Amino acid sequence: MASRANRGVLLSFALVCAAALLCSHAPPAGAAEDQSPTPSAAPNFPVASAARLAGDSKQTRFILDLDKTIQFSAFALADPYRVVVDMPQVSFQLAAGTGSAGRGLIKAFRYGLVMPGGSRIVFDLTGPAKIANSHVLDAANGQPPRLVLELEQVDRTSFVQSLAAASRPELRPAIADAADTAAVTDSAATAKPAAQWHPGRWRKRKEPGARIRAGAARPP
């Protein structure tokens with residue numbers, strides 16, 4: 001009986017020691033929570049909340065509501081007529097269908113992310129137009145910051161001349177070709193004909209004050 005009691009005591013002591021050993025190697029609950037991965041903060045991109053058009057076929061204005069001011073650049077392209085606005089990456093939270101209907105000089109517009117860190121708005125125009133004004137307004141009088149783009153109607157020649165040199169198309173190639181053809185025709189018409197020879201006589205075109213060559217038969 002004593003030996004069985006001793007074995008029971010030893011077994012209990014061994015179990016207690018094993019449990020104590022496991023507890024000594026287990027990390028505290030707080031430490032386990034601290035080791036969980038921390039989600040990275042989402043980039044704080046500017047938010048575009050609304051866009052609208054105003055004006056007519058002579059002058060048209062585009063307004064984009066933002067939650068903070070941004071830097072941007074705007075330029076025009078030809079064939080087809082377009083205006084492009086490049087800006088830092090923006091979170092477009094516009095109403096569904098925004099941009100599908102145009103007004104004035106703007107037929108429609110589309111927007112979105114074109115590269116990491118960069119967004120773009122492209123306006124399809126009804127005809128040639130120039131960028132008359134473009135700027136960002138600071139928040140004031142309860143209104144949010146706004147990007148404003150103003151377009152004015154121009155003729156094609158003025159439009160092409162306003163483009164960057166690298167993106168200028170040929171104005172009217174047909175006109176240049178017609179001018180070259182007319183120049184050749186005029187040159188041929190004003191050129192003096194060569195002397196003509198006929199059997200029994202030799203003559204050339206008679207000019208004012210010109211004399212018939214001696215020895216040549218007089219024209220009838």
# chains A, B, ... in the order shown; residues from 1 in each chain; ligands from 1
>>> residues_around(residues="segment 118-129 of chain A", least_positions_apart="2", cutoff="7 Å", atoms="only C-alpha atoms", output="PDB file with C-alpha atoms, in the first residue's frame")
ATOM      1  CA  TYR A  81     -11.199  67.133 -80.479  1.00  0.00           C
ATOM      2  CA  ARG A  82     -10.489  66.472 -76.795  1.00  0.00           C
ATOM      3  CA  VAL A  83      -9.350  68.159 -73.604  1.00  0.00           C
ATOM      4  CA  VAL A  84      -7.396  66.149 -71.026  1.00  0.00           C
ATOM      5  CA  VAL A  85      -6.981  66.954 -67.318  1.00  0.00           C
ATOM      6  CA  ASP A  86      -4.216  65.087 -65.456  1.00  0.00           C
ATOM      7  CA  MET A  87      -4.090  65.104 -61.661  1.00  0.00           C
ATOM      8  CA  PRO A  88      -2.754  63.092 -58.699  1.00  0.00           C
ATOM      9  CA  GLN A  89      -4.697  59.967 -57.821  1.00  0.00           C
ATOM     10  CA  VAL A  90      -8.257  60.859 -56.870  1.00  0.00           C
ATOM     11  CA  LEU A 105     -18.953  72.241 -76.110  1.00  0.00           C
ATOM     12  CA  ILE A 106     -18.585  68.984 -74.152  1.00  0.00           C
ATOM     13  CA  LYS A 107     -20.144  65.921 -75.761  1.00  0.00           C
ATOM     14  CA  ALA A 108     -19.265  63.619 -72.843  1.00  0.00           C
ATOM     15  CA  PHE A 109     -16.426  62.956 -70.407  1.00  0.00           C
ATOM     16  CA  ARG A 110     -14.831  59.971 -68.696  1.00  0.00           C
ATOM     17  CA  TYR A 111     -12.552  59.658 -65.694  1.00  0.00           C
ATOM     18  CA  GLY A 112     -10.506  57.175 -63.732  1.00  0.00           C
ATOM     19  CA  LEU A 113      -7.099  55.914 -62.643  1.00  0.00           C
ATOM     20  CA  VAL A 114      -4.513  55.821 -65.448  1.00  0.00           C
ATOM     21  CA  MET A 115      -1.502  54.782 -63.351  1.00  0.00           C
ATOM     22  CA  PRO A 116      -0.637  54.287 -59.682  1.00  0.00           C
ATOM     23  CA  ILE A 131      -9.002  76.233 -72.625  1.00  0.00           C
ATOM     24  CA  LEU A 151     -13.760  76.235 -72.577  1.00  0.00           C
ATOM     25  CA  GLU A 152     -14.433  78.668 -75.445  1.00  0.00           C
ATOM     26  CA  GLN A 153     -15.343  77.896 -79.040  1.00  0.00           C
ATOM     27  CA  VAL A 154     -12.693  78.697 -81.694  1.00  0.00           C
ATOM     28  CA  ASP A 155     -12.118  77.851 -85.359  1.00  0.00           C
ATOM     29  CA  ARG A 156      -9.874  74.957 -86.355  1.00  0.00           C
ATOM     30  CA  PHE A 159      -7.361  75.495 -82.190  1.00  0.00           C
TER      31      PHE A 159
END
>>> residues_around(residues="segment 55-66 of chain A", least_positions_apart="4", cutoff="8 Å", atoms="only C-alpha atoms", output="JSON, numbers by chain")
{"A": [46, 47, 48, 49, 50, 51, 103, 104, 105, 106, 144, 145, 146, 147, 148, 149, 150, 151, 152, 153]}
>>> atom_distance(atom1="atom CA of Thr157 of chain A", atom2="atom CA of Phe72 of chain A")
26.5 Å
>>> atom_distance(atom1="atom CA of Phe92 of chain A", atom2="atom CA of Phe45 of chain A")
9.7 Å
>>> closest_residue(among="A:Pro43, A:Ala164, A:Leu94, A:Ser158", to="Lys130 of chain A", atoms="only C-alpha atoms")
A:Ser158
>>> select_by_dssp(residues="segment 83-121 of chain A", states="strand (DSSP E or B)", output="PDB file with C-alpha atoms, in the first residue's frame")
ATOM      1  CA  VAL A  83      -9.350  68.159 -73.604  1.00  0.00           C
ATOM      2  CA  VAL A  84      -7.396  66.149 -71.026  1.00  0.00           C
ATOM      3  CA  VAL A  85      -6.981  66.954 -67.318  1.00  0.00           C
ATOM      4  CA  ASP A  86      -4.216  65.087 -65.456  1.00  0.00           C
ATOM      5  CA  MET A  87      -4.090  65.104 -61.661  1.00  0.00           C
ATOM      6  CA  PRO A  88      -2.754  63.092 -58.699  1.00  0.00           C
ATOM      7  CA  SER A  91     -11.018  58.702 -55.426  1.00  0.00           C
ATOM      8  CA  PHE A  92     -13.953  59.398 -57.742  1.00  0.00           C
ATOM      9  CA  ARG A 103     -23.606  70.061 -72.540  1.00  0.00           C
ATOM     10  CA  ILE A 106     -18.585  68.984 -74.152  1.00  0.00           C
ATOM     11  CA  LYS A 107     -20.144  65.921 -75.761  1.00  0.00           C
ATOM     12  CA  ALA A 108     -19.265  63.619 -72.843  1.00  0.00           C
ATOM     13  CA  PHE A 109     -16.426  62.956 -70.407  1.00  0.00           C
ATOM     14  CA  ARG A 110     -14.831  59.971 -68.696  1.00  0.00           C
ATOM     15  CA  TYR A 111     -12.552  59.658 -65.694  1.00  0.00           C
ATOM     16  CA  GLY A 112     -10.506  57.175 -63.732  1.00  0.00           C
ATOM     17  CA  LEU A 113      -7.099  55.914 -62.643  1.00  0.00           C
ATOM     18  CA  VAL A 114      -4.513  55.821 -65.448  1.00  0.00           C
ATOM     19  CA  MET A 115      -1.502  54.782 -63.351  1.00  0.00           C
ATOM     20  CA  GLY A 118      -2.327  59.412 -61.265  1.00  0.00           C
ATOM     21  CA  SER A 119      -5.912  60.056 -62.393  1.00  0.00           C
ATOM     22  CA  ARG A 120      -7.280  61.599 -65.590  1.00  0.00           C
ATOM     23  CA  ILE A 121     -10.449  63.186 -66.969  1.00  0.00           C
TER      24      ILE A 121
END
>>> atom_distance(atom1="atom CA of Lys68 of chain A", atom2="atom CA of Arg52 of chain A")
17.6 Å
>>> decode(residues="segment 119-147 of chain A", atoms="C-alpha atoms", output="compact mmCIF listing (two decimals), in the first residue's frame")
# COMPACT_ATOMS: atom_id res chain seq x y z
CA SER A 119 -5.91 60.06 -62.39
CA ARG A 120 -7.28 61.60 -65.59
CA ILE A 121 -10.45 63.19 -66.97
CA VAL A 122 -10.94 63.18 -70.76
CA PHE A 123 -13.54 65.46 -72.37
CA ASP A 124 -14.88 64.64 -75.83
CA LEU A 125 -15.69 67.93 -77.56
CA THR A 126 -18.35 68.77 -80.15
CA GLY A 127 -15.82 70.87 -82.09
CA PRO A 128 -12.64 72.94 -81.76
CA ALA A 129 -12.39 74.78 -78.44
CA LYS A 130 -9.64 76.34 -76.35
CA ILE A 131 -9.00 76.23 -72.63
CA ALA A 132 -9.92 79.77 -71.62
CA ASN A 133 -9.35 79.27 -67.89
CA SER A 134 -8.49 76.48 -65.46
CA HIS A 135 -7.91 76.70 -61.72
CA VAL A 136 -8.73 75.25 -58.30
CA LEU A 137 -10.81 77.26 -55.84
CA ASP A 138 -10.22 76.95 -52.11
CA ALA A 139 -13.10 76.05 -49.83
CA ALA A 140 -15.13 79.16 -48.99
CA ASN A 141 -18.64 80.16 -47.87
CA GLY A 142 -19.64 76.60 -47.16
CA GLN A 143 -18.52 75.41 -50.60
CA PRO A 144 -15.85 72.68 -50.94
CA PRO A 145 -12.66 73.07 -52.95
CA ARG A 146 -13.49 72.99 -56.67
CA LEU A 147 -11.61 72.34 -59.88
